[in-house]
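Structure file upload24.cif (mmCIF, C-alpha atoms and all ligand atoms) follows.
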```cif
data_structure
#
loop_
_atom_site.label_atom_id
_atom_site.label_comp_id
_atom_site.auth_asym_id
_atom_site.auth_seq_id
_atom_site.Cartn_x
_atom_site.Cartn_y
_atom_site.Cartn_z
CA MET A 207 40.61 15.74 -47.95
CA ARG A 208 40.52 12.15 -49.17
CA SER A 209 37.98 10.11 -47.24
CA TYR A 210 34.43 10.50 -45.99
CA PHE A 211 31.94 8.88 -43.66
CA ILE A 212 28.18 9.55 -43.63
CA GLU A 213 25.96 9.16 -40.58
CA THR A 214 22.27 9.12 -41.40
CA TRP A 215 19.44 9.66 -38.93
CA GLY A 216 15.74 9.57 -39.64
CA CYS A 217 13.43 8.58 -42.45
CA GLN A 218 13.79 6.89 -45.85
CA MET A 219 14.02 10.32 -47.49
CA ASN A 220 17.15 11.02 -45.47
CA HIS A 221 18.61 7.61 -46.30
CA HIS A 222 18.06 8.30 -49.98
CA ASP A 223 19.56 11.81 -49.61
CA SER A 224 22.64 10.10 -48.14
CA GLU A 225 22.85 7.93 -51.26
CA ARG A 226 22.79 11.11 -53.35
CA LEU A 227 25.45 12.77 -51.17
CA GLU A 228 27.64 9.69 -51.43
CA GLY A 229 27.28 9.62 -55.23
CA GLN A 230 28.64 13.18 -55.39
CA LEU A 231 31.47 12.48 -52.92
CA LEU A 232 32.64 9.55 -55.06
CA ARG A 233 32.53 11.70 -58.19
CA HIS A 234 34.73 14.25 -56.45
CA GLY A 235 37.30 11.54 -55.84
CA LEU A 236 36.73 10.93 -52.14
CA GLU A 237 36.81 7.39 -50.77
CA PRO A 238 34.65 5.83 -48.08
CA ALA A 239 36.30 5.47 -44.66
CA ARG A 240 35.56 2.43 -42.49
CA ASP A 241 34.34 4.61 -39.63
CA ALA A 242 33.98 8.25 -38.65
CA ASP A 243 37.20 8.25 -36.57
CA ARG A 244 39.28 7.59 -39.69
CA ALA A 245 37.50 9.97 -42.08
CA ASP A 246 38.72 13.39 -43.20
CA LEU A 247 35.12 14.52 -43.67
CA VAL A 248 32.07 13.35 -41.71
CA LEU A 249 28.62 14.21 -43.00
CA LEU A 250 25.88 14.23 -40.38
CA ASN A 251 22.62 13.82 -42.27
CA THR A 252 20.23 14.86 -39.57
CA CYS A 253 16.56 14.49 -38.69
CA SER A 254 14.50 16.89 -36.61
CA VAL A 255 11.19 15.07 -36.57
CA ARG A 256 11.76 13.45 -33.21
CA ASP A 257 14.28 13.25 -30.35
CA ARG A 258 16.27 16.30 -29.31
CA PRO A 259 18.10 16.88 -32.57
CA VAL A 260 20.20 19.91 -31.73
CA ARG A 261 21.45 18.36 -28.51
CA LYS A 262 22.21 15.13 -30.37
CA ILE A 263 24.26 16.98 -32.99
CA ALA A 264 26.14 18.96 -30.36
CA SER A 265 27.09 15.79 -28.55
CA ARG A 266 28.14 14.05 -31.77
CA ILE A 267 30.30 17.01 -32.81
CA GLY A 268 31.84 16.95 -29.30
CA GLU A 269 32.74 13.27 -29.79
CA LEU A 270 34.25 13.93 -33.21
CA ALA A 271 36.30 16.82 -31.78
CA ARG A 272 38.09 14.28 -29.58
CA CYS A 273 39.35 12.26 -32.59
CA THR A 274 43.02 12.73 -33.54
CA PRO A 275 43.02 14.51 -35.86
CA PRO A 276 39.40 15.68 -35.70
CA PRO A 277 37.56 15.38 -39.02
CA MET A 278 35.87 18.22 -40.83
CA VAL A 279 32.09 18.07 -40.45
CA GLY A 280 29.28 18.88 -42.87
CA VAL A 281 25.79 19.06 -41.37
CA CYS A 282 23.02 18.10 -43.80
CA GLY A 283 19.31 17.24 -43.52
CA CYS A 284 16.44 18.85 -41.65
CA VAL A 285 18.45 20.26 -38.73
CA ALA A 286 20.78 21.95 -41.23
CA GLU A 287 17.76 23.72 -42.72
CA GLN A 288 16.35 24.59 -39.32
CA GLU A 289 19.52 25.80 -37.56
CA GLY A 290 21.58 27.16 -40.50
CA GLN A 291 24.26 29.63 -39.42
CA ALA A 292 23.92 28.60 -35.74
CA LEU A 293 25.55 25.27 -36.63
CA LEU A 294 28.55 27.04 -38.17
CA ASP A 295 28.77 29.25 -35.08
CA ARG A 296 28.59 26.23 -32.78
CA SER A 297 31.93 24.64 -33.72
CA PRO A 298 34.90 25.35 -36.01
CA LEU A 299 34.72 21.68 -37.01
CA VAL A 300 31.52 22.38 -38.95
CA ARG A 301 32.75 23.43 -42.39
CA PHE A 302 29.44 23.54 -44.20
CA VAL A 303 25.69 23.35 -43.67
CA LEU A 304 23.62 21.89 -46.50
CA GLY A 305 19.81 21.83 -46.33
CA PRO A 306 17.67 19.05 -47.91
CA GLY A 307 16.76 21.36 -50.80
CA GLN A 308 20.44 21.88 -51.66
CA ILE A 309 21.73 18.29 -51.82
CA GLY A 310 22.85 18.77 -55.42
CA ARG A 311 25.22 21.58 -54.38
CA LEU A 312 27.53 19.42 -52.29
CA GLY A 313 30.31 19.99 -54.85
CA GLU A 314 30.06 23.73 -54.22
CA ALA A 315 30.42 23.13 -50.48
CA LEU A 316 33.46 20.89 -51.05
CA ARG A 317 35.12 23.53 -53.21
CA ALA A 318 34.53 26.15 -50.51
CA VAL A 319 36.14 23.87 -47.93
CA ALA A 320 39.12 23.25 -50.24
CA ARG A 321 39.63 27.05 -50.42
CA GLY A 322 39.56 27.24 -46.62
CA ASP A 323 36.08 28.81 -46.60
CA ARG A 324 32.90 27.66 -44.95
CA ALA A 325 29.54 27.32 -46.71
CA LEU A 326 25.91 27.82 -45.75
CA LEU A 327 23.56 26.38 -48.40
CA VAL A 328 19.92 26.28 -47.32
CA GLY A 329 16.51 27.03 -48.87
CA PHE A 330 14.55 25.36 -51.61
CA ASP A 331 15.31 27.10 -54.87
CA ALA A 332 18.37 25.40 -56.31
CA ASP A 333 18.17 21.62 -56.00
CA SER A 334 17.00 21.39 -59.60
CA GLY A 335 20.70 21.51 -60.47
CA SER A 336 21.32 18.19 -58.77
CA ASP A 337 22.01 15.20 -60.92
CA ARG A 338 20.03 12.22 -59.71
CA ARG A 339 22.25 9.80 -61.63
CA GLU A 340 24.91 10.50 -59.01
CA VAL A 341 23.34 8.12 -56.53
CA SER A 342 25.41 5.55 -54.71
CA ARG A 343 22.85 2.77 -54.17
CA ARG A 344 23.28 0.89 -50.92
CA SER A 345 20.82 -1.93 -51.54
CA PRO A 346 21.55 -4.39 -54.35
CA THR A 347 17.85 -5.22 -54.72
CA ARG A 348 15.82 -2.11 -53.91
CA GLY A 349 16.27 1.35 -55.41
CA MET A 350 14.77 4.39 -53.71
CA ILE A 351 13.39 7.15 -55.91
CA THR A 352 12.08 10.50 -54.71
CA VAL A 353 8.91 11.48 -56.57
CA ILE A 354 7.74 14.43 -54.47
CA GLU A 355 9.61 16.56 -51.95
CA GLY A 356 8.29 18.76 -49.16
CA CYS A 357 4.84 18.93 -47.63
CA ASP A 358 1.89 21.32 -47.73
CA GLU A 359 -0.14 19.74 -44.92
CA PHE A 360 1.20 21.67 -41.91
CA CYS A 361 0.15 19.21 -39.22
CA THR A 362 0.49 21.21 -36.02
CA PHE A 363 3.11 18.89 -34.49
CA CYS A 364 5.39 18.54 -37.52
CA ILE A 365 8.50 20.42 -38.57
CA VAL A 366 8.75 18.91 -42.08
CA PRO A 367 6.99 21.71 -44.06
CA TYR A 368 9.54 24.14 -42.54
CA THR A 369 12.64 21.95 -43.02
CA ARG A 370 11.79 20.36 -46.38
CA GLY A 371 9.72 23.16 -47.86
CA ARG A 372 6.52 23.11 -49.89
CA GLU A 373 5.55 20.22 -52.17
CA ARG A 374 7.57 19.86 -55.37
CA SER A 375 6.74 16.90 -57.64
CA ARG A 376 9.17 15.57 -60.22
CA PRO A 377 7.99 15.13 -63.82
CA MET A 378 6.57 11.65 -64.39
CA GLY A 379 8.86 11.05 -67.40
CA GLU A 380 11.91 11.72 -65.23
CA VAL A 381 10.70 9.28 -62.56
CA LEU A 382 10.00 6.60 -65.18
CA ASP A 383 13.47 7.09 -66.70
CA GLU A 384 14.95 6.53 -63.26
CA VAL A 385 12.86 3.39 -62.72
CA ASN A 386 13.89 2.02 -66.12
CA GLY A 387 17.53 2.75 -65.35
CA LEU A 388 17.35 0.87 -62.06
CA VAL A 389 15.66 -2.15 -63.61
CA ALA A 390 18.21 -2.18 -66.44
CA GLY A 391 20.88 -2.22 -63.72
CA GLY A 392 19.35 -5.32 -62.14
CA MET A 393 17.08 -3.90 -59.41
CA ARG A 394 13.98 -5.99 -58.73
CA GLU A 395 12.21 -3.51 -56.50
CA VAL A 396 11.73 0.25 -56.33
CA GLU A 397 10.57 2.30 -53.38
CA LEU A 398 8.90 5.57 -54.34
CA LEU A 399 9.44 8.28 -51.75
CA GLY A 400 7.59 11.39 -50.70
CA GLN A 401 6.46 12.95 -47.43
CA THR A 402 2.90 12.94 -48.77
CA ILE A 403 3.40 10.75 -51.79
CA ASN A 404 -0.22 10.56 -52.79
CA SER A 405 -0.37 14.36 -53.23
CA TYR A 406 1.88 13.81 -56.25
CA ARG A 407 1.00 15.87 -59.35
CA CYS A 408 3.20 15.70 -62.42
CA PRO A 409 4.23 19.34 -63.08
CA THR A 410 4.05 18.86 -66.86
CA THR A 411 0.96 16.66 -67.38
CA GLY A 412 -0.97 16.97 -64.09
CA ALA A 413 -0.98 13.15 -63.69
CA ASP A 414 -1.72 12.05 -60.12
CA PHE A 415 -0.06 9.40 -57.97
CA ALA A 416 -2.45 6.66 -59.14
CA ALA A 417 -1.36 7.35 -62.74
CA LEU A 418 2.31 7.38 -61.76
CA LEU A 419 2.01 4.09 -59.85
CA ASP A 420 0.15 2.53 -62.75
CA ALA A 421 2.87 3.65 -65.19
CA VAL A 422 5.69 2.40 -62.94
CA ALA A 423 3.92 -0.98 -62.67
CA GLU A 424 4.10 -1.22 -66.48
CA VAL A 425 7.92 -1.30 -66.44
CA ALA A 426 8.99 -4.74 -67.60
CA GLY A 427 11.25 -6.65 -65.23
CA LEU A 428 10.13 -4.80 -62.13
CA ASP A 429 8.97 -7.26 -59.52
CA ARG A 430 7.85 -4.99 -56.72
CA ILE A 431 6.90 -1.39 -55.98
CA ARG A 432 6.73 0.11 -52.54
CA TYR A 433 5.77 3.68 -51.73
CA VAL A 434 5.85 5.86 -48.61
CA THR A 435 4.23 7.90 -47.09
CA SER A 436 0.53 8.12 -47.93
CA HIS A 437 -1.69 10.73 -46.32
CA PRO A 438 -5.14 9.31 -45.53
CA ARG A 439 -6.99 12.36 -46.82
CA HIS A 440 -5.46 11.98 -50.31
CA PHE A 441 -6.00 8.23 -50.62
CA ASP A 442 -8.70 8.04 -53.27
CA ASP A 443 -10.55 5.23 -55.04
CA ARG A 444 -8.43 5.56 -58.21
CA LEU A 445 -5.39 4.69 -56.14
CA ILE A 446 -7.17 1.76 -54.47
CA GLU A 447 -8.10 0.46 -57.92
CA VAL A 448 -4.43 0.49 -59.01
CA LEU A 449 -3.40 -1.34 -55.82
CA ALA A 450 -5.97 -4.04 -56.49
CA ARG A 451 -5.16 -4.41 -60.20
CA ARG A 452 -1.36 -4.33 -60.20
CA PRO A 453 0.33 -7.37 -58.61
CA ALA A 454 3.70 -5.60 -58.65
CA VAL A 455 2.38 -2.99 -56.22
CA SER A 456 3.28 -4.10 -52.71
CA ARG A 457 0.58 -5.58 -50.46
CA TYR A 458 1.88 -3.20 -47.81
CA LEU A 459 0.59 0.25 -47.03
CA HIS A 460 1.89 2.70 -44.47
CA LEU A 461 -1.04 4.91 -43.57
CA PRO A 462 -0.33 7.19 -40.61
CA VAL A 463 -3.43 7.78 -38.50
CA GLN A 464 -1.63 9.61 -35.63
CA ALA A 465 -4.65 9.48 -33.27
CA GLY A 466 -8.04 7.83 -32.94
CA SER A 467 -9.89 10.73 -31.34
CA ASN A 468 -11.59 13.34 -33.51
CA CYS A 469 -10.77 16.08 -31.04
CA VAL A 470 -7.04 15.28 -31.21
CA LEU A 471 -7.11 14.80 -34.99
CA ARG A 472 -8.66 18.25 -35.33
CA ARG A 473 -6.02 19.87 -33.15
CA MET A 474 -3.34 18.03 -35.12
CA HIS A 475 -4.81 19.54 -38.33
CA ARG A 476 -5.03 16.10 -39.93
CA ARG A 477 -8.25 16.99 -41.77
CA TYR A 478 -9.94 13.59 -41.54
CA THR A 479 -12.07 12.02 -38.83
CA ARG A 480 -11.69 8.62 -37.22
CA GLU A 481 -14.86 7.55 -39.06
CA GLU A 482 -13.39 8.62 -42.41
CA PHE A 483 -10.15 6.78 -41.64
CA LEU A 484 -12.00 3.57 -40.70
CA ALA A 485 -14.14 3.83 -43.84
CA LEU A 486 -10.98 4.24 -45.93
CA VAL A 487 -9.41 1.14 -44.36
CA SER A 488 -12.58 -0.77 -45.09
CA ARG A 489 -12.53 0.29 -48.78
CA ILE A 490 -8.87 -0.64 -49.10
CA ARG A 491 -9.42 -4.05 -47.47
CA SER A 492 -12.42 -4.76 -49.68
CA ALA A 493 -10.23 -4.25 -52.73
CA VAL A 494 -7.03 -5.83 -51.35
CA PRO A 495 -8.04 -8.24 -48.55
CA ASP A 496 -4.49 -9.40 -47.71
CA ILE A 497 -2.99 -5.92 -47.42
CA ASN A 498 -0.63 -5.38 -44.50
CA LEU A 499 -1.27 -1.97 -42.96
CA SER A 500 1.16 -0.07 -40.76
CA THR A 501 0.72 3.30 -39.13
CA ASP A 502 2.24 6.08 -37.00
CA VAL A 503 0.67 7.09 -33.70
CA ILE A 504 1.51 9.99 -31.40
CA VAL A 505 0.41 9.63 -27.78
CA GLY A 506 0.24 12.45 -25.26
CA PHE A 507 -0.52 15.14 -27.83
CA PRO A 508 -1.39 18.41 -26.00
CA GLY A 509 -4.87 18.20 -24.53
CA GLU A 510 -5.16 14.41 -25.07
CA THR A 511 -7.45 13.08 -22.34
CA ASP A 512 -7.68 9.50 -21.14
CA GLU A 513 -10.83 9.11 -23.26
CA ASP A 514 -8.98 10.39 -26.34
CA PHE A 515 -6.19 7.91 -25.71
CA VAL A 516 -8.64 5.04 -25.26
CA ALA A 517 -10.22 6.04 -28.59
CA THR A 518 -6.78 5.62 -30.19
CA LEU A 519 -6.37 2.16 -28.65
CA ASP A 520 -9.85 1.27 -29.84
CA LEU A 521 -9.05 2.32 -33.41
CA ILE A 522 -5.88 0.23 -33.38
CA GLU A 523 -7.82 -2.77 -32.08
CA ARG A 524 -10.38 -2.34 -34.88
CA VAL A 525 -7.90 -1.92 -37.73
CA ARG A 526 -5.34 -4.46 -36.49
CA PHE A 527 -2.28 -2.89 -38.08
CA GLY A 528 0.61 -5.23 -38.82
CA GLN A 529 2.98 -2.66 -37.35
CA VAL A 530 2.54 0.53 -35.36
CA PHE A 531 5.30 3.11 -35.02
CA GLY A 532 4.37 4.76 -31.73
CA PHE A 533 5.86 7.95 -30.33
CA ALA A 534 5.27 10.07 -27.25
CA PHE A 535 4.58 13.66 -28.30
CA SER A 536 7.67 15.83 -28.17
CA PRO A 537 7.32 19.53 -29.02
CA ARG A 538 9.20 20.76 -32.09
CA PRO A 539 10.23 24.41 -31.74
CA GLY A 540 8.37 26.65 -34.15
CA THR A 541 5.35 24.37 -34.58
CA PRO A 542 1.88 25.37 -33.29
CA ALA A 543 1.53 22.32 -31.03
CA ALA A 544 4.69 23.29 -29.15
CA ARG A 545 2.85 26.43 -28.03
CA TYR A 546 -0.38 24.70 -26.97
CA PRO A 547 -0.92 25.44 -23.28
CA ASP A 548 -2.30 22.01 -22.28
CA GLN A 549 0.88 19.90 -22.60
CA VAL A 550 0.52 16.37 -21.21
CA PRO A 551 2.99 15.55 -18.39
CA GLU A 552 5.93 13.39 -19.44
CA ALA A 553 5.04 10.58 -17.01
CA VAL A 554 1.57 10.30 -18.59
CA ARG A 555 3.02 10.30 -22.11
CA LYS A 556 5.43 7.52 -21.17
CA GLU A 557 2.72 5.44 -19.51
CA ARG A 558 0.44 5.78 -22.57
CA LEU A 559 3.28 4.82 -24.90
CA GLN A 560 3.87 1.69 -22.83
CA ARG A 561 0.16 0.77 -23.03
CA LEU A 562 0.21 1.40 -26.78
CA PHE A 563 3.20 -0.91 -27.26
CA GLU A 564 1.61 -3.67 -25.18
CA LEU A 565 -1.43 -3.60 -27.45
CA THR A 566 0.43 -3.32 -30.74
CA ASP A 567 2.97 -6.04 -29.84
CA ARG A 568 0.10 -8.40 -29.07
CA ILE A 569 -1.69 -7.65 -32.35
CA THR A 570 1.51 -7.94 -34.43
CA LEU A 571 2.27 -11.35 -32.93
CA GLU A 572 -1.32 -12.55 -33.44
CA LEU A 573 -1.22 -11.49 -37.08
CA ASN A 574 2.18 -13.12 -37.59
CA ARG A 575 0.89 -16.36 -36.03
CA SER A 576 -2.10 -16.35 -38.37
CA LEU A 577 0.36 -16.57 -41.28
CA VAL A 578 1.94 -19.86 -40.15
CA GLY A 579 1.34 -22.45 -42.87
CA THR A 580 0.90 -19.87 -45.66
CA LEU A 581 3.25 -19.27 -48.58
CA SER A 582 5.15 -16.01 -48.93
CA ARG A 583 6.86 -14.84 -52.11
CA VAL A 584 10.12 -13.50 -50.67
CA LEU A 585 12.62 -11.20 -52.35
CA ILE A 586 16.00 -12.00 -50.76
CA ASP A 587 17.74 -8.87 -49.44
CA GLY A 588 20.76 -10.51 -47.83
CA GLY A 589 21.94 -12.75 -45.04
CA SER A 590 20.55 -12.56 -41.55
CA ARG A 591 22.82 -10.52 -39.27
CA ARG A 592 22.65 -13.17 -36.57
CA ASP A 593 23.31 -16.27 -38.66
CA PRO A 594 25.19 -16.30 -41.99
CA ASN A 595 23.42 -19.54 -42.98
CA VAL A 596 20.05 -17.83 -42.86
CA TRP A 597 18.68 -15.67 -45.67
CA GLN A 598 16.52 -12.66 -44.98
CA GLY A 599 14.02 -11.01 -47.27
CA ARG A 600 10.58 -9.48 -47.43
CA GLY A 601 7.31 -10.90 -48.59
CA GLU A 602 4.95 -9.03 -50.87
CA ASP A 603 3.30 -7.67 -47.73
CA ASN A 604 6.70 -6.30 -46.59
CA ARG A 605 6.96 -8.66 -43.62
CA VAL A 606 10.51 -9.76 -42.83
CA VAL A 607 11.00 -13.49 -43.47
CA ASN A 608 14.08 -15.49 -42.35
CA PHE A 609 14.77 -18.93 -43.74
CA PRO A 610 17.71 -21.35 -44.08
CA GLY A 611 19.61 -20.96 -47.35
CA ASN A 612 19.22 -23.98 -49.59
CA GLY A 613 22.28 -23.30 -51.70
CA GLY A 614 20.38 -22.48 -54.86
CA ALA A 615 19.07 -18.98 -54.23
CA GLY A 616 20.86 -15.70 -53.57
CA ILE A 617 20.42 -11.96 -53.09
CA GLY A 618 17.91 -10.55 -55.55
CA ASP A 619 16.16 -13.89 -56.12
CA VAL A 620 12.49 -14.39 -55.40
CA VAL A 621 11.61 -17.65 -53.63
CA GLU A 622 8.42 -19.14 -52.27
CA VAL A 623 8.76 -19.72 -48.56
CA ARG A 624 6.38 -21.70 -46.35
CA ILE A 625 5.95 -19.88 -43.03
CA VAL A 626 6.62 -22.31 -40.19
CA ARG A 627 6.95 -20.03 -37.18
CA ALA A 628 6.05 -16.52 -36.07
CA ALA A 629 8.28 -14.23 -34.01
CA ALA A 630 7.41 -10.87 -32.52
CA HIS A 631 8.58 -8.84 -35.50
CA SER A 632 9.42 -11.38 -38.21
CA LEU A 633 8.47 -14.72 -39.72
CA ILE A 634 10.53 -17.90 -40.02
CA GLY A 635 10.07 -20.16 -43.02
CA GLU A 636 11.40 -22.88 -45.29
CA VAL A 637 11.94 -22.57 -49.02
CA GLU A 638 9.37 -24.41 -51.11
CA THR A 639 10.56 -23.43 -54.56
CA SER A 640 11.98 -20.63 -56.64
CA ALA A 641 8.99 -18.45 -57.30
CA PRO A 642 7.43 -18.75 -60.75
CA PRO A 643 7.42 -15.66 -62.94
CA ARG A 644 4.40 -13.45 -62.56
CA LEU A 645 1.46 -13.96 -64.84
CA PRO A 646 0.90 -11.13 -67.30
CA VAL A 647 -1.44 -8.46 -66.01
CA LEU A 648 -4.76 -8.40 -67.79
CA PRO A 649 -6.57 -5.12 -68.33
CA PRO A 650 -9.55 -4.61 -66.01
CA ALA A 651 -12.81 -6.14 -67.29
S1 LIG B 701 1.64 15.24 -43.60
FE1 LIG B 701 1.83 16.19 -41.58
S2 LIG B 701 3.13 14.73 -40.46
FE2 LIG B 701 3.39 14.25 -42.62
S3 LIG B 701 5.17 15.43 -43.28
FE3 LIG B 701 3.38 16.69 -43.73
S4 LIG B 701 3.11 18.00 -41.93
FE4 LIG B 701 4.49 16.32 -41.33
#
```
Here is a file; write its structure as structure tokens.
Ligand code: SF4
Amino acid sequence: MRSYFIETWGCQMNHHDSERLEGQLLRHGLEPARDADRADLVLLNTCSVRDRPVRKIASRIGELARCTPPPMVGVCGCVAEQEGQALLDRSPLVRFVLGPGQIGRLGEALRAVARGDRALLVGFDADSGSDRREVSRRSPTRGMITVIEGCDEFCTFCIVPYTRGRERSRPMGEVLDEVNGLVAGGMREVELLGQTINSYRCPTTGADFAALLDAVAEVAGLDRIRYVTSHPRHFDDRLIEVLARRPAVSRYLHLPVQAGSNCVLRRMHRRYTREEFLALVSRIRSAVPDINLSTDVIVGFPGETDEDFVATLDLIERVRFGQVFGFAFSPRPGTPAARYPDQVPEAVRKERLQRLFELTDRITLELNRSLVGTLSRVLIDGGSRRDPNVWQGRGEDNRVVNFPGNGGAGIGDVVEVRIVRAAAHSLIGEVETSAPPRLPVLPPA
């Protein structure tokens, strides 16, 4: 077994897990293959939050079985945790199953395969053995760092607490060491990851997420900090104060609301009301007026009436999110909402999703247009995929900005870009100047 290929589905957590898997594969002497057809080992790092994950895996394994010779397959991620032995039973190609809590034991799985055995490694007790220095970073500018794993919220539609386990925070000192290491290696930006990141509690000192964010913002040389995902019910005023005071903390906040109707929110077990959510947005905007908010919305949740759906549209119109990730409800086996008797017909779910997208596309474009003429401080991520003469990066509000390269700047540089045009999901600009260094942060008065 000499070469590998990793396919990653799903969220940022999964993408970071793939970086950790790749780091271990490289240490074990494997080399990356150009595509799955040429690899000896294909890792499927799966997601079970949406779609029809088991069917998707079965069809992907079927495709891989037709390669000559067929590769060995390792199934990782949430579906690995959920399906376990059933995945090994499904196909002889599947040589091991590795749950998200067992990422650090990939070496054990590889050794089992080398002996001709198969391995089933699931559960949440042993990932402490994993070495987080074995991360193969894919972005030259932004390093992802997990600060809390799992989730204790048990929203009735969500599989995550079952596939990623209960919340486990990493010690703050360990996170800061990782941030310092990334900055020393040239990273300008870090993205802190957690399913409910603002539930973070340092297991040694009890420090909360506001304290962690504040400490990360102290790291010299770090230009930008992003963090996902925040749960509205844990977003407190201490955290808002850090956002307002620390210029390195991104002017972007992903704050999933899921629905705008109190009845639906209650049945989702979100534990906040629409009024509380709107009040939170108002407090955040008072402290950080230029913040760019994005959200997740599920339409067609069981029992959602037309009035409930209109309440969701109304909330979106009031908040004016820069981006909305909308999904039609799809039942996840084993979750309470999958057993609710009042499922909404598929045609209604689809029609509501279409109406949601019409509204959110309009608002996104209006907000983008309102930025024409303003300056954006853009961290260059790379070249545009469509045109090699165009750079692409993100502003401090996380909006994607494309602009012609002027020869002087490159990946990892921060430039000031004047926005000249708005597109549906990005901005087009022209470079004004290389951005000046940040002013030192003064302590609050
Ligand atoms: S907060 Fe709710 S939606 Fe988010 S991961 Fe936890 S259970 Fe799932």
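In this structure, CA of Gln529 in chain A sits 7.1 Å away from CA of Thr566 in chain A.
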For range 549-555 of chain A, take all atoms listed in the file, fit an axis-aligned box around them, add 5 Å to each of the six sides, then output centre and edge lengths in Å rounded to one decimal, as lines of an AutoDock Vina configuration file.
```
center_x = 3.2
center_y = 15.1
center_z = -19.8
size_x = 15.4
size_y = 19.6
size_z = 15.6
```
Which distance in Å separates CA of Gln401 in chain A and CA of His440 in chain A, to one decimal?
->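 Spanning CA of Gln401 in chain A to CA of His440 in chain A is a straight-line distance of 12.3 Å.
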Go ahead and compute the interatomic distance for CA of Thr362 in chain A and CA of Ala413 in chain A, in Å to one decimal.
->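 Pair CA of Thr362 in chain A / CA of Ala413 in chain A returns 28.9 Å.
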As a compact mmCIF listing (two decimals) with C-alpha atoms, in the coordinates of the input, please: every protein or nucleic acid residue near ligand LIG 701 (chain B) (cut-off 7 Å, counting all atoms listed in the file).
```txt
# COMPACT_ATOMS: atom_id res chain seq x y z
CA CYS A 357 4.84 18.93 -47.63
CA ASP A 358 1.89 21.32 -47.73
CA GLU A 359 -0.14 19.74 -44.92
CA PHE A 360 1.20 21.67 -41.91
CA CYS A 361 0.15 19.21 -39.22
CA CYS A 364 5.39 18.54 -37.52
CA ILE A 365 8.50 20.42 -38.57
CA VAL A 366 8.75 18.91 -42.08
CA PRO A 367 6.99 21.71 -44.06
CA GLN A 401 6.46 12.95 -47.43
CA THR A 402 2.90 12.94 -48.77
CA HIS A 437 -1.69 10.73 -46.32
```
Between A:Ala426, A:Arg370, A:Leu418, A:Glu287, which one has atoms that come closest to Gly387 in chain A, using only C-alpha atoms?
-> A:Ala426
